[in-house]
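As stored in input_24.cif (mmCIF, C-alpha atoms and all ligand atoms):
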```
data_entry
#
loop_
_atom_site.label_atom_id
_atom_site.label_comp_id
_atom_site.auth_asym_id
_atom_site.auth_seq_id
_atom_site.Cartn_x
_atom_site.Cartn_y
_atom_site.Cartn_z
CA MET A 246 -29.02 24.41 -7.82
CA GLU A 247 -31.32 24.04 -4.84
CA ILE A 248 -30.60 20.83 -2.99
CA THR A 249 -33.20 19.47 -0.62
CA LYS A 250 -31.93 17.40 2.24
CA VAL A 251 -33.66 14.09 1.67
CA ASN A 252 -32.61 12.63 4.95
CA GLU A 253 -31.53 14.42 8.09
CA ARG A 254 -29.93 11.27 9.44
CA ILE A 255 -26.50 11.70 11.00
CA PHE A 256 -24.11 9.02 9.77
CA LEU A 257 -21.09 7.33 11.23
CA SER A 258 -19.06 8.48 8.23
CA SER A 259 -20.49 9.28 4.81
CA PRO A 260 -19.22 10.83 1.56
CA HIS A 261 -18.20 14.50 1.78
CA MET A 262 -17.29 16.14 -1.52
CA SER A 263 -15.17 19.29 -1.54
CA ASP A 264 -16.95 22.66 -1.30
CA GLU A 265 -14.68 23.86 -4.10
CA GLY A 266 -15.93 21.22 -6.55
CA TYR A 267 -12.45 19.81 -7.25
CA GLU A 268 -13.86 16.34 -7.96
CA MET A 269 -16.23 17.61 -10.69
CA GLU A 270 -13.39 19.44 -12.46
CA TYR A 271 -11.45 16.21 -12.93
CA VAL A 272 -14.56 14.22 -13.81
CA LYS A 273 -15.66 16.89 -16.28
CA GLU A 274 -12.26 16.78 -17.98
CA ALA A 275 -12.68 13.03 -18.45
CA PHE A 276 -16.16 13.59 -19.92
CA ASP A 277 -15.15 16.49 -22.16
CA THR A 278 -12.37 14.44 -23.71
CA ASN A 279 -14.53 11.27 -23.85
CA TRP A 280 -11.77 9.69 -21.80
CA ILE A 281 -13.94 7.98 -19.22
CA ALA A 282 -12.17 4.72 -20.04
CA PRO A 283 -9.81 2.97 -20.30
CA LEU A 284 -7.30 4.12 -17.69
CA GLY A 285 -6.07 7.62 -18.58
CA GLU A 286 -4.78 10.84 -17.05
CA ASN A 287 -6.90 10.74 -13.86
CA VAL A 288 -5.75 7.22 -13.03
CA ASN A 289 -2.10 8.13 -13.61
CA GLY A 290 -2.55 11.41 -11.73
CA PHE A 291 -4.30 9.80 -8.77
CA GLU A 292 -1.57 7.17 -8.44
CA ARG A 293 1.15 9.80 -8.65
CA GLU A 294 -0.52 12.21 -6.22
CA LEU A 295 -1.38 9.55 -3.64
CA SER A 296 2.18 8.15 -3.81
CA GLU A 297 3.53 11.64 -3.17
CA LYS A 298 1.13 12.18 -0.29
CA VAL A 299 2.03 8.97 1.55
CA GLY A 300 5.65 8.68 0.43
CA SER A 301 5.69 5.48 -1.59
CA LYS A 302 7.54 4.91 -4.86
CA ALA A 303 4.69 3.31 -6.79
CA ALA A 304 0.93 2.78 -6.66
CA ALA A 305 -1.80 0.89 -8.52
CA ALA A 306 -5.35 2.30 -8.53
CA LEU A 307 -7.86 -0.53 -8.19
CA THR A 308 -11.60 -1.17 -7.89
CA SER A 309 -11.48 -1.66 -4.11
CA GLY A 310 -9.31 -1.96 -1.04
CA THR A 311 -10.23 -5.64 -0.96
CA ALA A 312 -8.82 -6.09 -4.49
CA ALA A 313 -5.65 -4.31 -3.32
CA ILE A 314 -5.25 -6.77 -0.43
CA HIS A 315 -5.85 -9.65 -2.83
CA LEU A 316 -3.12 -8.46 -5.21
CA ALA A 317 -0.76 -7.71 -2.30
CA LEU A 318 -1.11 -11.35 -1.23
CA ARG A 319 -0.41 -12.52 -4.77
CA ALA A 320 2.57 -10.17 -5.02
CA ALA A 321 3.82 -11.63 -1.74
CA GLY A 322 3.65 -15.09 -3.31
CA VAL A 323 0.89 -16.33 -1.00
CA GLY A 324 -0.81 -19.39 -2.45
CA GLU A 325 -2.59 -22.62 -1.63
CA GLY A 326 -2.14 -23.76 1.96
CA ASP A 327 0.14 -20.87 3.00
CA ILE A 328 -0.37 -19.40 6.45
CA VAL A 329 -1.14 -15.67 6.72
CA PHE A 330 -1.44 -13.84 10.05
CA CYS A 331 -4.33 -11.40 10.25
CA PRO A 332 -5.67 -9.30 13.12
CA THR A 333 -8.85 -10.78 14.53
CA LEU A 334 -10.27 -7.32 15.28
CA THR A 335 -10.94 -5.99 11.80
CA PHE A 336 -13.43 -5.81 8.96
CA SER A 337 -13.86 -9.11 7.07
CA ALA A 338 -12.34 -7.51 3.94
CA THR A 339 -8.90 -7.93 5.55
CA ALA A 340 -9.38 -11.69 5.86
CA ASN A 341 -11.46 -12.62 2.80
CA PRO A 342 -8.62 -12.29 0.24
CA ILE A 343 -6.59 -14.85 2.23
CA ILE A 344 -9.36 -17.32 1.41
CA TYR A 345 -9.48 -16.15 -2.25
CA GLN A 346 -5.86 -17.33 -2.44
CA ASN A 347 -6.74 -20.67 -0.82
CA ALA A 348 -4.39 -19.73 1.99
CA VAL A 349 -5.02 -20.21 5.72
CA PRO A 350 -5.59 -17.31 8.11
CA VAL A 351 -4.35 -17.39 11.69
CA PHE A 352 -6.02 -14.65 13.69
CA ILE A 353 -4.00 -12.52 16.09
CA ASP A 354 -5.38 -10.68 19.10
CA SER A 355 -5.20 -6.94 19.77
CA ASN A 356 -3.74 -5.16 22.80
CA TYR A 357 -5.39 -2.36 24.76
CA GLU A 358 -2.47 0.03 24.09
CA THR A 359 -3.22 0.23 20.37
CA TRP A 360 -6.45 -1.77 19.77
CA ASN A 361 -4.38 -3.23 16.92
CA MET A 362 -2.21 -6.33 16.51
CA CYS A 363 -0.57 -7.25 19.79
CA PRO A 364 3.22 -7.66 19.25
CA GLU A 365 3.42 -10.31 22.01
CA ALA A 366 0.66 -12.34 20.38
CA LEU A 367 2.41 -11.91 17.01
CA GLU A 368 5.66 -13.19 18.52
CA GLU A 369 3.86 -16.18 20.01
CA ALA A 370 2.27 -16.92 16.63
CA LEU A 371 5.66 -16.65 14.88
CA GLN A 372 7.07 -19.27 17.27
CA LYS A 373 4.09 -21.51 16.69
CA TYR A 374 3.95 -21.13 12.90
CA PRO A 375 7.49 -20.38 11.71
CA GLU A 376 6.45 -21.26 8.14
CA VAL A 377 4.07 -18.24 7.96
CA LYS A 378 4.21 -16.55 4.57
CA ALA A 379 2.82 -13.07 5.26
CA VAL A 380 1.53 -10.85 8.05
CA ILE A 381 -1.30 -8.39 7.48
CA VAL A 382 -1.44 -5.57 10.01
CA VAL A 383 -4.40 -3.15 10.24
CA HIS A 384 -4.55 0.42 11.53
CA LEU A 385 -8.04 0.33 12.96
CA TYR A 386 -10.18 3.47 13.07
CA GLY A 387 -7.09 5.41 11.99
CA LEU A 388 -4.96 4.48 15.02
CA SER A 389 -1.57 3.14 14.07
CA ALA A 390 -0.36 -0.25 15.19
CA ASP A 391 2.92 -0.59 17.12
CA MET A 392 4.94 -0.52 13.90
CA ASP A 393 8.53 -0.52 15.23
CA ARG A 394 7.94 -3.81 17.01
CA ILE A 395 5.84 -5.38 14.27
CA VAL A 396 8.32 -4.44 11.51
CA ASP A 397 11.21 -5.78 13.62
CA LEU A 398 9.45 -9.09 14.23
CA CYS A 399 8.62 -9.51 10.53
CA LYS A 400 12.22 -8.70 9.52
CA LYS A 401 13.65 -11.05 12.13
CA HIS A 402 11.45 -13.89 10.87
CA ASN A 403 11.78 -12.94 7.22
CA VAL A 404 8.02 -12.59 6.66
CA VAL A 405 6.36 -10.30 4.13
CA LEU A 406 4.44 -7.48 5.82
CA ILE A 407 1.24 -6.11 4.27
CA GLU A 408 -0.41 -3.05 5.82
CA ASP A 409 -4.16 -2.71 5.57
CA ALA A 410 -4.34 1.09 5.85
CA ALA A 411 -7.92 1.21 4.52
CA GLU A 412 -8.99 3.23 7.57
CA SER A 413 -5.79 5.20 8.11
CA LEU A 414 -5.21 7.49 5.13
CA GLY A 415 -3.84 10.63 6.80
CA THR A 416 -2.45 8.77 9.84
CA TYR A 417 1.26 9.03 10.60
CA TYR A 418 3.38 6.85 12.85
CA LYS A 419 6.47 8.75 14.08
CA GLY A 420 6.05 11.12 11.14
CA LYS A 421 5.91 8.40 8.49
CA HIS A 422 2.64 7.62 6.74
CA THR A 423 0.89 4.37 7.66
CA GLY A 424 0.82 1.94 4.75
CA THR A 425 4.48 2.61 3.89
CA PHE A 426 6.18 0.48 6.56
CA GLY A 427 5.43 -2.89 5.06
CA ASP A 428 6.39 -4.46 1.75
CA TYR A 429 2.89 -3.52 0.54
CA GLY A 430 0.25 -1.11 1.77
CA ILE A 431 -3.37 -0.73 0.77
CA PHE A 432 -5.90 2.11 0.99
CA SER A 433 -9.67 2.14 0.45
CA PHE A 434 -11.91 4.82 -1.03
CA ASN A 435 -15.16 3.09 -0.14
CA GLY A 436 -18.10 5.39 0.66
CA ASN A 437 -17.54 5.38 4.41
CA LYS A 438 -13.79 6.07 4.39
CA ILE A 439 -12.12 9.41 5.20
CA ILE A 440 -12.05 10.24 1.49
CA THR A 441 -14.06 8.35 -1.09
CA THR A 442 -14.28 7.79 -4.83
CA SER A 443 -17.69 6.08 -4.34
CA GLY A 444 -15.66 2.88 -4.35
CA GLY A 445 -12.02 2.11 -5.03
CA GLY A 446 -8.67 1.17 -3.60
CA MET A 447 -4.93 1.64 -3.99
CA LEU A 448 -2.00 -0.72 -3.64
CA VAL A 449 1.30 1.00 -2.77
CA SER A 450 4.86 -0.25 -2.53
CA ASP A 451 8.44 0.88 -3.03
CA ASN A 452 8.87 -2.15 -5.26
CA GLU A 453 8.01 -0.69 -8.67
CA GLU A 454 8.40 -4.00 -10.42
CA ARG A 455 5.80 -5.69 -8.16
CA ILE A 456 3.37 -2.80 -8.67
CA ALA A 457 3.78 -3.16 -12.44
CA LYS A 458 3.01 -6.85 -12.00
CA ALA A 459 -0.09 -6.04 -9.94
CA LYS A 460 -1.34 -3.75 -12.73
CA PHE A 461 -0.80 -6.59 -15.18
CA TRP A 462 -2.86 -9.01 -13.05
CA ALA A 463 -5.51 -6.32 -12.55
CA THR A 464 -6.07 -6.07 -16.33
CA GLN A 465 -6.69 -9.77 -17.01
CA SER A 466 -2.98 -10.64 -17.25
CA ARG A 467 -2.70 -9.79 -20.94
CA ASP A 468 0.68 -10.76 -22.31
CA GLN A 469 2.45 -8.50 -24.83
CA ALA A 470 0.95 -9.75 -28.09
CA ARG A 471 -1.37 -8.57 -30.87
CA HIS A 472 -3.90 -11.28 -30.04
CA TYR A 473 -5.25 -12.03 -26.56
CA GLN A 474 -2.60 -14.15 -24.93
CA HIS A 475 -2.60 -15.20 -21.26
CA SER A 476 0.02 -17.12 -19.37
CA GLU A 477 -1.31 -16.26 -15.91
CA LEU A 478 -4.65 -15.99 -14.13
CA GLY A 479 -6.05 -12.46 -14.45
CA PHE A 480 -8.51 -10.15 -12.69
CA ASN A 481 -10.60 -7.15 -13.68
CA TYR A 482 -9.50 -4.87 -10.84
CA ARG A 483 -8.46 -1.53 -12.40
CA MET A 484 -10.00 1.76 -11.35
CA SER A 485 -11.85 3.75 -14.01
CA ASN A 486 -10.71 7.18 -15.17
CA VAL A 487 -13.95 8.77 -13.89
CA VAL A 488 -13.63 7.31 -10.42
CA ALA A 489 -9.95 8.32 -10.26
CA GLY A 490 -11.02 11.91 -11.00
CA ILE A 491 -13.15 11.90 -7.85
CA GLY A 492 -10.13 10.59 -5.97
CA ARG A 493 -7.83 13.38 -7.19
CA GLY A 494 -10.34 15.96 -6.02
CA GLN A 495 -10.86 14.27 -2.66
CA LEU A 496 -7.13 14.04 -2.05
CA LYS A 497 -7.01 17.84 -2.08
CA VAL A 498 -9.28 17.99 0.98
CA LEU A 499 -7.78 15.06 2.90
CA ASP A 500 -5.92 17.33 5.34
CA GLN A 501 -9.13 19.26 5.98
CA ARG A 502 -10.98 16.02 6.67
CA VAL A 503 -8.29 14.83 9.10
CA GLU A 504 -8.51 18.18 10.88
CA LYS A 505 -12.28 17.86 11.25
CA LYS A 506 -12.05 14.24 12.45
CA ASN A 507 -9.54 15.39 15.09
CA TYR A 508 -11.92 18.16 16.12
CA ILE A 509 -14.79 15.64 16.45
CA TYR A 510 -12.64 13.33 18.57
CA GLU A 511 -11.51 16.18 20.85
CA PHE A 512 -15.12 17.34 21.22
CA TYR A 513 -16.32 13.90 22.32
CA LYS A 514 -13.37 13.31 24.58
CA ARG A 515 -13.84 16.65 26.33
CA GLU A 516 -17.59 16.13 26.76
CA LEU A 517 -17.76 12.39 27.47
CA GLY A 518 -14.28 11.40 28.62
CA GLU A 519 -15.01 11.92 32.33
CA LEU A 520 -18.24 9.93 32.48
CA GLU A 521 -18.11 6.89 34.75
CA GLY A 522 -16.88 3.77 32.91
CA VAL A 523 -15.89 5.62 29.70
CA GLN A 524 -12.50 4.97 28.20
CA PHE A 525 -11.61 6.60 24.88
CA MET A 526 -9.62 4.91 22.15
CA PRO A 527 -5.93 4.85 23.12
CA SER A 528 -3.49 7.57 22.26
CA ASN A 529 0.23 6.91 21.90
CA GLU A 530 2.98 9.49 21.60
CA TRP A 531 4.15 7.98 18.30
CA ASP A 532 0.73 8.35 16.72
CA ALA A 533 -0.82 11.16 14.65
CA PRO A 534 -4.20 9.52 13.94
CA ASN A 535 -6.77 10.56 11.36
CA TYR A 536 -9.50 9.62 13.88
CA TRP A 537 -11.60 8.11 11.11
CA LEU A 538 -14.13 6.90 13.70
CA SER A 539 -14.11 8.27 17.24
CA SER A 540 -14.56 5.26 19.49
CA MET A 541 -14.71 4.41 23.17
CA THR A 542 -15.35 1.51 25.51
CA LEU A 543 -17.87 1.34 28.35
CA THR A 544 -17.28 -0.70 31.47
CA GLY A 545 -19.78 0.93 33.86
CA LYS A 546 -23.53 0.57 34.18
CA VAL A 547 -24.32 2.22 30.85
CA ARG A 548 -23.90 -0.37 28.11
CA PRO A 549 -23.13 0.15 24.39
CA ILE A 550 -26.67 -0.96 23.47
CA ASP A 551 -28.08 1.94 25.52
CA ILE A 552 -26.14 4.38 23.34
CA PHE A 553 -27.02 2.65 20.05
CA GLU A 554 -30.71 2.74 20.92
CA ALA A 555 -30.78 6.28 22.28
CA LEU A 556 -29.03 7.64 19.19
CA GLU A 557 -31.06 5.53 16.76
CA ALA A 558 -34.26 6.95 18.26
CA GLU A 559 -33.02 10.36 17.06
CA ASN A 560 -32.03 9.02 13.61
CA ILE A 561 -28.33 9.05 14.45
CA GLU A 562 -26.07 6.17 13.47
CA SER A 563 -23.58 4.53 15.85
CA ARG A 564 -22.15 1.02 15.92
CA PRO A 565 -20.27 -1.59 17.90
CA VAL A 566 -16.54 -2.04 17.35
CA TRP A 567 -15.74 -4.75 14.74
CA LYS A 568 -16.76 -8.24 15.76
CA PRO A 569 -13.56 -10.32 15.89
CA MET A 570 -12.96 -12.71 12.99
CA HIS A 571 -12.36 -15.72 15.25
CA MET A 572 -15.94 -15.25 16.52
CA GLN A 573 -17.47 -15.12 13.01
CA PRO A 574 -19.38 -18.18 11.81
CA PHE A 575 -17.39 -18.26 8.59
CA PHE A 576 -13.95 -17.86 10.18
CA GLU A 577 -14.26 -19.53 13.59
CA LYS A 578 -12.72 -22.78 12.33
CA TYR A 579 -9.33 -21.08 11.91
CA GLU A 580 -6.70 -20.75 14.62
CA PHE A 581 -6.54 -17.79 16.96
CA VAL A 582 -3.57 -16.62 19.04
CA GLY A 583 -4.21 -14.36 22.00
CA THR A 584 -6.45 -13.78 24.99
CA ASP A 585 -9.75 -11.95 25.31
CA VAL A 586 -8.72 -8.37 24.42
CA SER A 587 -10.52 -8.09 21.09
CA GLU A 588 -13.57 -9.89 22.49
CA LYS A 589 -13.72 -7.30 25.27
CA LEU A 590 -13.28 -4.44 22.83
CA PHE A 591 -16.18 -5.82 20.81
CA GLU A 592 -18.33 -6.30 23.92
CA ASN A 593 -17.66 -2.82 25.30
CA GLY A 594 -16.88 -0.74 22.23
CA VAL A 595 -18.90 2.08 20.68
CA CYS A 596 -18.10 3.85 17.41
CA LEU A 597 -19.55 7.35 17.63
CA PRO A 598 -20.92 9.32 14.68
CA SER A 599 -17.84 10.83 13.03
CA ASP A 600 -19.22 12.36 9.87
CA THR A 601 -17.18 15.38 8.79
CA LYS A 602 -20.33 17.20 7.66
CA MET A 603 -21.61 17.42 11.25
CA THR A 604 -22.03 20.88 12.73
CA ASP A 605 -21.28 21.89 16.31
CA ALA A 606 -25.04 21.76 16.90
CA ASP A 607 -25.10 18.13 15.73
CA LEU A 608 -22.21 17.28 18.04
CA ALA A 609 -23.85 19.09 20.96
CA LYS A 610 -27.06 17.16 20.37
CA ILE A 611 -25.22 13.83 20.30
CA VAL A 612 -23.32 14.42 23.53
CA GLU A 613 -26.50 15.63 25.21
CA ILE A 614 -28.31 12.40 24.29
CA ILE A 615 -25.40 10.30 25.52
CA LYS A 616 -24.87 12.25 28.76
CA GLY A 617 -28.58 11.79 29.46
CA LEU A 618 -27.94 8.07 29.96
CA TRP A 619 -25.73 8.66 33.00
C1 LIG B 701 -12.98 -0.68 4.21
C2 LIG B 701 -11.97 -1.66 4.62
C3 LIG B 701 -11.41 -2.57 3.72
C4 LIG B 701 -11.92 -2.81 2.33
O1 LIG B 701 -11.96 -1.77 1.49
P1 LIG B 701 -12.99 -1.80 0.24
O2 LIG B 701 -12.50 -0.65 -0.57
O3 LIG B 701 -14.35 -1.56 0.81
O4 LIG B 701 -12.86 -3.09 -0.44
C5 LIG B 701 -10.39 -3.40 4.16
N1 LIG B 701 -9.95 -3.35 5.42
C6 LIG B 701 -10.48 -2.52 6.33
C7 LIG B 701 -9.91 -2.53 7.70
C8 LIG B 701 -11.52 -1.66 5.97
O5 LIG B 701 -12.06 -0.85 6.89
#
```

Written as C-alpha cells, that's how I'd like the structure from this file.
Ligand SMILES: *Cc1c(COP(=O)(O)O)cnc(C)c1O
Amino acid sequence: MEITKVNERIFLSSPHMSDEGYEMEYVKEAFDTNWIAPLGENVNGFERELSEKVGSKAAAALTSGTAAIHLALRAAGVGEGDIVFCPTLTFSATANPIIYQNAVPVFIDSNYETWNMCPEALEEALQKYPEVKAVIVVHLYGLSADMDRIVDLCKKHNVVLIEDAAESLGTYYKGKHTGTFGDYGIFSFNGNKIITTSGGGMLVSDNEERIAKAKFWATQSRDQARHYQHSELGFNYRMSNVVAGIGRGQLKVLDQRVEKKNYIYEFYKRELGELEGVQFMPSNEWDAPNYWLSSMTLTGKVRPIDIFEALEAENIESRPVWKPMHMQPFFEKYEFVGTDVSEKLFENGVCLPSDTKMTDADLAKIVEIIKGLW
C-alpha cells in the first residue's frame, strides 16, 4: 500500500508502530475471532507481558493513565479531605484524580539534580502535614526521581507511595524499573508516550488483591450475582481487547524505542550542549532513562521562545517544560512546599522534538536551526 505523507511536520513525540506489524497481528486475531470485546486474550496477555517487563506481580489494563492514578488513590484509601502530596512540576493528569477523590493536593517542588520531587521539600511537607495519606512521585521526561530517599521517607512516615511512571516506561533506577518502587505504579499509552495504544493505561502493584479490587471498580463494581448488584461506586475504566493488542505489539519494540530516544538525546547533547547558557536535563549515576523527551534549560541571551518560534517556522514542534501546578489557575489555591526551582525550570526549559521516526537529516536540520540563534 502506497502511503502519502500528509504532513511533514516533525513532532515532539508521536505514535510509531512497529515495522514488523506486530500490533496488527494481535488486532487481527481479535477481529478474526470476533473477540474485540469484552476483555479477552490481548488484555490478559498485555497485563502479563507488561508485568514481566517491569517486574511487578500484577497489573490492570485501563482506559488511561489518569484512570490508573484514580484507582491507585482509591486502592490507597484516599478519600474526602485527605491530603495527597504531588509534584508541582508535572502534567495536570497527575493532580486531577486527587480532586476526583475530593482529596486535597499539596504541591511539592522539584530539585535541579533530578527535575523531580525534591526529597528535602518532601521532608519539610511531611513535618508540616504528618496526616498525609499518600505521596505521588513522577518520573518526568523519563528521568527517575531520587527513589532511595523518597521511598525511605515514605516508609519512615508510613505513607502510601504511588509512582506516576506515565513518562518513564523503559527507565530503570539502579537496575529496577520505575513504577515498581511504590505501593502502586501507573503507566500511560497515550498517543505521545514512548509506546502507545492510541490511548490507555496500566496500574501495577505487587499487591495482587488490590489489583483484583481495581479491576472490580473498573468494571462498574459488579458484585457476584446473577442480577446487577452493586455495593460500591463503580467506573468504566477497562481497556478493550483491540487496544490491548496494539499494546502487546508495541511492547515488543519498547527497547528499540528507548535506544532511539537515547540516540536523539546524545545527538542533541553533543551538538548543543556547549552553547552558551545551555544546560541539558540532569544525569545521575543511578539512572538509566528512556529519554522520552530530550529537554534543556537556557539561561543565556537566547530564550526558549526564540527556539519555539524558529522551529515552528519550519513546521517543527517544541514546547516549554510543564507549567507548575501551583501556578495553574485551577490549582493555585492549594498549598505549595518549596522554593522557585520548578518555576525556573518552566521559565527556562525547552522540550526538543524527540520523535523516534526522525532521521539523522531531521536531527541535523533541527540543530542547525537552533545553533543559528547563537
Ligand atoms: C501522560 C501523562 C499522564 C496521563 O496519562 P493518560 O494516559 O493520558 O491519561 C499522567 N501523568 C503524566 C506525568 C503524564 O505525562

Trp360 of chain A environment, 10 Å, all atoms listed in the file, sequence neighbours closer than 6 positions dropped, as a list in words: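 Skipping anything fewer than 6 positions along the chain leaves Leu334, Asp354, Val383, His384, Leu385, Tyr386, Leu388, Ser389, Ala390, Asp391, Met526, Pro527, Val586, Ser587 and Leu590 of chain A.
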
Hey, what's within 12 Å of segment 469-477 of chain A if we count only C-alpha atoms and toss same-chain stuff fewer than 6 positions away? As a list of chain:residue names, please? A:Arg319, A:Lys458, A:Ala459, A:Phe461, A:Trp462, A:Ala463

Show me the residues around (4.5, -15.6, 20.7) - criterion: an atom at most 12 Å away, all atoms listed in the file counted - as a ChimeraX atom specification. /A:353-354,363-375,398,581-584

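Separating atom CA of Tyr429 of chain A from atom CA of Tyr536 of chain A is a distance of 22.5 Å.
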
Rounded to one decimal in Å, what is the spacing between atom CA of Ile456 of chain A and atom CA of Ala305 of chain A?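 Here the two named atoms are 6.4 Å from each other.
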
Return as a VMD selection string every polymer residue, whether protein, DNA or RNA, with at least one atom no more than 10 Å from an atom of ligand LIG 701 (chain B); count only C-alpha atoms and all ligand atoms. chain A and resid 307 to 315 332 334 to 342 382 to 387 408 to 413 431 to 438 441 to 447 537 567

So that I can see what lies close to Ala275 of chain A, please list as a VMD selection string the residues with an atom at most 9 Å from it, counting all atoms listed in the file and leaving out residues fewer than 6 positions away in the same chain. chain A and resid 281 to 282 285 to 287 486 to 487 490
